[in-house]
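Q: Enclosed is the structure file my_file30.cif (mmCIF, C-alpha atoms).
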data_model
loop_
_atom_site.label_atom_id
_atom_site.label_comp_id
_atom_site.auth_asym_id
_atom_site.auth_seq_id
_atom_site.Cartn_x
_atom_site.Cartn_y
_atom_site.Cartn_z
CA MET A 1 -38.94 198.37 9.16
CA LYS A 2 -41.30 201.35 9.35
CA LYS A 3 -42.97 200.27 6.11
CA ILE A 4 -43.56 196.76 7.45
CA ILE A 5 -45.10 198.11 10.66
CA ALA A 6 -47.29 200.50 8.64
CA LEU A 7 -48.40 197.64 6.39
CA VAL A 8 -49.24 195.39 9.36
CA LEU A 9 -51.16 198.18 11.11
CA SER A 10 -53.16 198.96 7.98
CA ILE A 11 -54.07 195.29 7.59
CA VAL A 12 -55.14 195.12 11.25
CA MET A 13 -57.33 198.21 10.74
CA ILE A 14 -58.94 196.64 7.67
CA CYS A 15 -59.68 193.52 9.69
CA CYS A 16 -61.18 195.61 12.51
CA PHE A 17 -63.58 197.34 10.10
CA SER A 18 -65.00 193.97 9.06
CA VAL A 19 -65.63 192.65 12.57
CA THR A 20 -69.19 193.97 12.86
CA ALA A 21 -70.07 192.41 9.51
CA PHE A 22 -69.68 188.97 11.07
CA ALA A 23 -71.74 189.69 14.18
CA ALA A 24 -74.83 187.59 14.77
CA ASP A 25 -78.21 189.05 13.92
CA SER A 26 -80.12 190.63 16.76
CA PRO A 27 -82.74 188.33 18.25
CA THR A 28 -86.24 188.80 16.92
CA ALA A 29 -89.40 189.02 18.95
CA THR A 30 -90.76 185.84 17.36
CA GLU A 31 -91.19 182.99 19.84
CA LYS A 32 -89.42 179.76 18.88
CA VAL A 33 -90.85 176.26 19.29
CA THR A 34 -89.30 172.85 18.66
CA VAL A 35 -90.97 169.97 16.88
CA THR A 36 -89.95 166.31 16.52
CA VAL A 37 -91.64 163.91 14.10
CA ARG A 38 -91.56 160.17 14.74
CA LYS A 39 -92.55 157.47 12.21
CA ALA A 40 -93.75 159.86 9.50
CA ASP A 41 -92.48 161.87 6.55
CA VAL A 42 -92.00 165.60 7.06
CA VAL A 43 -93.48 167.36 4.03
CA ASP A 44 -93.07 171.02 5.04
CA PRO A 45 -90.41 172.03 6.01
CA ALA A 46 -88.41 169.23 4.38
CA GLY A 47 -86.58 167.34 7.09
CA LYS A 48 -85.61 164.02 8.55
CA VAL A 49 -87.54 161.77 10.92
CA ASP A 50 -86.60 162.04 14.62
CA ALA A 51 -84.67 165.28 14.16
CA GLU A 52 -85.69 168.16 16.39
CA TYR A 53 -86.44 171.36 14.48
CA THR A 54 -86.64 174.87 15.89
CA LEU A 55 -89.31 176.92 14.14
CA ASP A 56 -91.19 180.16 14.72
CA ALA A 57 -94.39 179.83 16.73
CA GLY A 58 -97.34 179.86 14.35
CA THR A 59 -95.46 177.96 11.63
CA THR A 60 -97.40 175.18 9.90
CA LEU A 61 -95.99 171.66 9.62
CA THR A 62 -97.25 168.98 7.23
CA VAL A 63 -96.65 165.31 8.04
CA LYS A 64 -97.51 162.27 5.93
CA ALA A 65 -97.79 158.62 6.95
CA ASN A 66 -95.09 156.25 5.70
CA SER A 67 -96.20 152.73 4.72
CA LYS A 68 -92.80 151.24 5.64
CA TYR A 69 -93.94 151.30 9.30
CA GLY A 70 -97.13 149.31 8.62
CA THR A 71 -100.81 150.13 8.27
CA PHE A 72 -101.48 153.72 9.39
CA ASN A 73 -104.07 154.24 12.14
CA SER A 74 -103.80 157.77 13.55
CA TRP A 75 -101.61 160.64 14.74
CA SER A 76 -100.66 161.40 18.33
CA VAL A 77 -99.33 164.80 19.35
CA TYR A 78 -97.43 165.04 22.64
CA LYS A 79 -95.60 167.69 24.62
CA ALA A 80 -92.77 167.11 27.07
CA GLU A 81 -93.12 168.23 30.66
CA ALA A 82 -90.19 168.32 33.06
CA SER A 83 -90.87 167.17 36.59
CA VAL A 84 -88.85 166.46 39.72
CA GLU A 85 -89.46 163.15 41.43
CA GLY A 86 -87.94 160.96 44.08
CA VAL A 87 -88.04 162.98 47.28
CA ASN A 88 -88.01 160.35 50.01
CA ALA A 89 -86.45 162.34 52.84
CA PRO A 90 -88.80 164.18 55.18
CA VAL A 91 -89.32 167.90 54.71
CA SER A 92 -89.28 169.75 58.03
CA ASN A 93 -90.77 173.23 58.38
CA GLY A 94 -91.00 173.62 54.59
CA VAL A 95 -87.23 173.13 54.12
CA ILE A 96 -85.79 170.24 52.15
CA THR A 97 -82.60 168.93 53.71
CA LEU A 98 -79.41 168.37 51.70
CA SER A 99 -79.92 164.61 51.91
CA ALA A 100 -83.35 165.05 50.31
CA VAL A 101 -81.89 167.13 47.48
CA LYS A 102 -79.51 164.27 46.65
CA ASN A 103 -82.56 162.09 46.00
CA LEU A 104 -84.18 164.48 43.52
CA ALA A 105 -84.22 163.29 39.94
CA ALA A 106 -85.28 165.46 37.05
CA THR A 107 -87.45 163.46 34.68
CA THR A 108 -89.30 164.23 31.48
CA LYS A 109 -92.76 162.88 30.95
CA TYR A 110 -94.81 163.07 27.78
CA VAL A 111 -98.44 164.15 27.93
CA ASP A 112 -101.02 164.58 25.20
CA ALA A 113 -100.83 168.03 23.62
CA VAL A 114 -104.11 169.92 23.62
CA SER A 115 -105.62 170.64 20.20
CA GLY A 116 -106.50 174.31 19.92
CA THR A 117 -104.02 175.31 22.61
CA ASP A 118 -100.68 173.60 21.91
CA TYR A 119 -101.38 173.09 18.20
CA GLU A 120 -104.19 173.64 15.70
CA ILE A 121 -105.15 171.29 12.87
CA VAL A 122 -105.14 173.33 9.66
CA LYS A 123 -105.73 170.53 7.14
CA GLY A 124 -106.68 166.89 7.58
CA SER A 125 -107.37 165.23 10.92
CA LEU A 126 -105.73 162.94 13.47
CA THR A 127 -106.96 159.95 11.44
CA SER A 128 -106.02 161.14 7.91
CA THR A 129 -102.75 159.96 6.35
CA GLU A 130 -101.60 163.56 5.77
CA MET A 131 -102.11 166.31 8.31
CA THR A 132 -101.07 169.97 8.55
CA ILE A 133 -100.84 171.58 12.00
CA LYS A 134 -100.03 175.06 13.23
CA LEU A 135 -97.48 174.97 16.05
CA ASN A 136 -98.21 177.06 19.15
CA THR A 137 -95.86 175.25 21.55
CA SER A 138 -93.10 172.63 21.29
CA VAL A 139 -94.58 169.24 20.34
CA ILE A 140 -93.73 165.71 19.23
CA VAL A 141 -95.83 164.34 16.36
CA CYS A 142 -96.04 160.53 16.17
CA GLY A 143 -97.56 158.33 13.51
CA ASN A 144 -99.33 155.24 14.92
CA TYR A 145 -99.30 152.02 12.89
CA ASP A 146 -100.72 148.48 13.16
CA ASN A 147 -103.00 149.39 16.11
CA ALA A 148 -100.01 150.34 18.30
CA LYS A 149 -99.18 153.75 19.78
CA THR A 150 -95.73 155.12 18.96
CA ASP A 151 -93.58 155.97 21.98
CA PRO A 152 -92.75 159.71 21.78
CA SER A 153 -89.38 159.16 23.44
CA ALA A 154 -88.20 156.29 21.20
CA VAL A 155 -86.25 156.98 18.02
CA SER A 156 -87.95 155.57 14.91
CA GLY A 157 -84.81 154.38 13.19
CA GLY A 158 -81.58 155.37 11.51
CA ASP A 159 -81.15 158.19 9.06
CA ASP A 160 -81.69 156.70 5.60
CA SER A 161 -81.32 159.92 3.63
CA ASP A 162 -78.76 160.27 0.88
CA SER A 163 -78.07 163.97 1.41
CA ALA A 164 -75.23 165.50 3.38
CA PRO A 165 -75.95 167.87 6.28
CA GLN A 166 -75.97 171.55 5.51
CA THR A 167 -72.75 173.34 6.41
CA GLY A 168 -72.39 176.77 7.97
CA ASP A 169 -71.77 180.14 6.36
CA MET A 170 -68.35 180.42 4.72
CA THR A 171 -68.19 184.25 4.67
CA ALA A 172 -65.53 184.46 7.39
CA LEU A 173 -63.30 181.98 5.55
CA TYR A 174 -63.57 183.99 2.32
CA ALA A 175 -62.66 187.20 4.18
CA ILE A 176 -59.58 185.54 5.71
CA VAL A 177 -58.41 184.30 2.31
CA VAL A 178 -58.84 187.80 0.81
CA MET A 179 -56.90 189.41 3.68
CA LEU A 180 -54.06 186.89 3.36
CA GLY A 181 -53.97 187.63 -0.38
CA ILE A 182 -53.65 191.35 0.35
CA VAL A 183 -50.77 190.69 2.77
CA ALA A 184 -48.98 188.50 0.23
CA PHE A 185 -49.47 191.14 -2.47
CA GLY A 186 -48.12 193.82 -0.11
CA PHE A 187 -44.97 191.83 0.62
CA GLY A 188 -44.51 191.11 -3.10
CA VAL A 189 -44.75 194.80 -3.98
CA LYS A 190 -42.31 195.68 -1.20
CA LYS A 191 -39.80 193.13 -2.48
CA VAL A 192 -40.04 194.44 -6.07
CA TYR A 193 -39.56 198.09 -5.10
CA SER A 194 -36.77 197.36 -2.59
CA LYS A 195 -34.43 196.18 -5.37
#
Just give me the structure of the file as C-alpha cells.
A:
Amino acid sequence: MKKIIALVLSIVMICCFSVTAFAADSPTATEKVTVTVRKADVVDPAGKVDAEYTLDAGTTLTVKANSKYGTFNSWSVYKAEASVEGVNAPVSNGVITLSAVKNLAATTKYVDAVSGTDYEIVKGSLTSTEMTIKLNTSVIVCGNYDNAKTDPSAVSGGDDSDSAPQTGDMTALYAIVVMLGIVAFGFGVKKVYSK
C-alpha cells in the first residue's frame, strides 16, 4: 500500500511541475484591432470573407476585388460606433429615472473610417481592384459592385472554402497521454516484482 501511495504522489508531483508549462503567454504591449472584410478576397493574411480577425495595430491587410459579386467600383472602409438611443422619459435634475433606463437601447452604427487616422492606404487606392491598408483602429472593409454600396453590417454569403478550421494546441493532450503511460508502466512493474 505504501508503494502505491508513493507512486501516486510522485505522479502528482510530476504533473504539478508541468502546470506552468501550459500557462498562457503574458499579454504584450501591442494594441489589437479587429478587421472584417465583406465582398472581397483577403490576400494577406489569408482568411475568409465576413470573418472578424484580430490583428496587431499597424498590421497591413491586402484585399482584392472578386468578380463573382459583379463589376467592381470602389472600396468603402467603415468603423463601428456604439451609441445609446431611445430615451423618451424626462430627465429631472440631471438624473435619469429607472423607467427611462428601461427605454435605453444600445445600438451600433457604422460611420466612414477616416483615411490617415483609422487606416492608411499603403498600396493602391479606394478605386483600384487591389488595395493594401495599414490598420490603426478596428475597421470593416467593403467592396462595392455594380454601382451599389455594400452594407457593412450584412454578411456577404456562406463560407465556400474547402478547408477545415484550425484546431487548438494539442500539447496538453500529449502530456496527459504520456503521464497515463507512466502510470500504466508503474503498475506493470509493480505487478512483475510482486510475484
Q: Using all atoms listed in the file, which residue out of A:Cys15, A:Ala148, A:Leu9, A:Val114 lies closest to Thr71 in chain A?
A: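 Checking each candidate against Thr71 in chain A, we get A:Ala148 as the closest.
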Q: Please return, as a short mmCIF file (atom, residue, chain, number, x, y, z; two decimals) with C-alpha atoms, keeping the file's coordinate frame, all polymer residues that have at least one atom within 6 Å of the point (-91.3, 175.9, 17.1); use only C-alpha atoms and the file's own coordinate frame.
A:
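Contents of selection_29.cif, as written:
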data_model
loop_
_atom_site.label_atom_id
_atom_site.label_comp_id
_atom_site.auth_asym_id
_atom_site.auth_seq_id
_atom_site.Cartn_x
_atom_site.Cartn_y
_atom_site.Cartn_z
CA LYS A 32 -89.42 179.76 18.88
CA VAL A 33 -90.85 176.26 19.29
CA THR A 34 -89.30 172.85 18.66
CA VAL A 35 -90.97 169.97 16.88
CA THR A 54 -86.64 174.87 15.89
CA LEU A 55 -89.31 176.92 14.14
CA ASP A 56 -91.19 180.16 14.72
CA ALA A 57 -94.39 179.83 16.73
CA SER A 138 -93.10 172.63 21.29
#
Q: Let me make sure I understand: among A:Phe187, A:Tyr119, A:Trp75, A:Tyr145, which one has the smallest atom-to-atom distance to Met131 in chain A if we use all atoms listed in the file?
A: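 Among the listed residues, the smallest separation from Met131 in chain A belongs to A:Trp75.
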Q: Kindly give the distance, in Å, that separates CA of Thr137 in chain A and CA of Thr59 in chain A, rounded to a single decimal.
A: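 CA of Thr137 in chain A sits 10.3 Å away from CA of Thr59 in chain A.
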Q: Considering only C-alpha atoms, can you say which of A:Phe185, A:Phe72, A:Tyr110, A:Tyr193 comes closest to Glu130 in chain A?
A: A:Phe72
Q: Select, from A:Val155, A:Thr127, A:Tyr78, A:Lys134, the residue with the minimum atom-to-atom distance to Arg38 in chain A, counting all atoms listed in the file.
A: A:Val155
Q: Just how far from CA of Glu120 in chain A is CA of Glu81 in chain A, in Å to one decimal?
A: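 For CA of Glu81 in chain A relative to CA of Glu120 in chain A, the distance reads 19.4 Å.
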Q: Which residues match the PyMOL selection byres ((chain A and resi 179) around 12) in the file above, as an MDAnalysis selection string?
A: chainID A and resid 8 10:16 18 172:178 180:186
Q: For the PyMOL selection byres ((chain A and resi 37) around 12), applied here, can you spell out every residue it catches as a compact mmCIF listing (two decimals) with C-alpha atoms, in the coordinates of the input?
A:
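Result file is part.txt:
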# COMPACT_ATOMS: atom_id res chain seq x y z
CA THR A 34 -89.30 172.85 18.66
CA VAL A 35 -90.97 169.97 16.88
CA THR A 36 -89.95 166.31 16.52
CA ARG A 38 -91.56 160.17 14.74
CA LYS A 39 -92.55 157.47 12.21
CA ALA A 40 -93.75 159.86 9.50
CA ASP A 41 -92.48 161.87 6.55
CA VAL A 42 -92.00 165.60 7.06
CA VAL A 43 -93.48 167.36 4.03
CA ASP A 44 -93.07 171.02 5.04
CA PRO A 45 -90.41 172.03 6.01
CA ALA A 46 -88.41 169.23 4.38
CA GLY A 47 -86.58 167.34 7.09
CA LYS A 48 -85.61 164.02 8.55
CA VAL A 49 -87.54 161.77 10.92
CA ASP A 50 -86.60 162.04 14.62
CA ALA A 51 -84.67 165.28 14.16
CA GLU A 52 -85.69 168.16 16.39
CA TYR A 53 -86.44 171.36 14.48
CA LEU A 61 -95.99 171.66 9.62
CA THR A 62 -97.25 168.98 7.23
CA VAL A 63 -96.65 165.31 8.04
CA LYS A 64 -97.51 162.27 5.93
CA ALA A 65 -97.79 158.62 6.95
CA ASN A 66 -95.09 156.25 5.70
CA TRP A 75 -101.61 160.64 14.74
CA SER A 76 -100.66 161.40 18.33
CA VAL A 77 -99.33 164.80 19.35
CA TYR A 78 -97.43 165.04 22.64
CA LYS A 79 -95.60 167.69 24.62
CA SER A 138 -93.10 172.63 21.29
CA VAL A 139 -94.58 169.24 20.34
CA ILE A 140 -93.73 165.71 19.23
CA VAL A 141 -95.83 164.34 16.36
CA CYS A 142 -96.04 160.53 16.17
CA GLY A 143 -97.56 158.33 13.51
CA ASN A 144 -99.33 155.24 14.92
CA THR A 150 -95.73 155.12 18.96
CA ASP A 151 -93.58 155.97 21.98
CA PRO A 152 -92.75 159.71 21.78
CA SER A 153 -89.38 159.16 23.44
CA ALA A 154 -88.20 156.29 21.20
CA VAL A 155 -86.25 156.98 18.02
CA SER A 156 -87.95 155.57 14.91
CA GLY A 157 -84.81 154.38 13.19
Q: What gap, in Å, lies between CA of Ile5 in chain A and CA of Lys191 in chain A?
A: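 Going from CA of Ile5 in chain A over to CA of Lys191 in chain A, I get 15.0 Å.
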Q: Counting only C-alpha atoms, which residue out of A:Tyr69, A:Val111, A:Leu7, A:Thr60 sits closest to Asp146 in chain A?
A: A:Tyr69
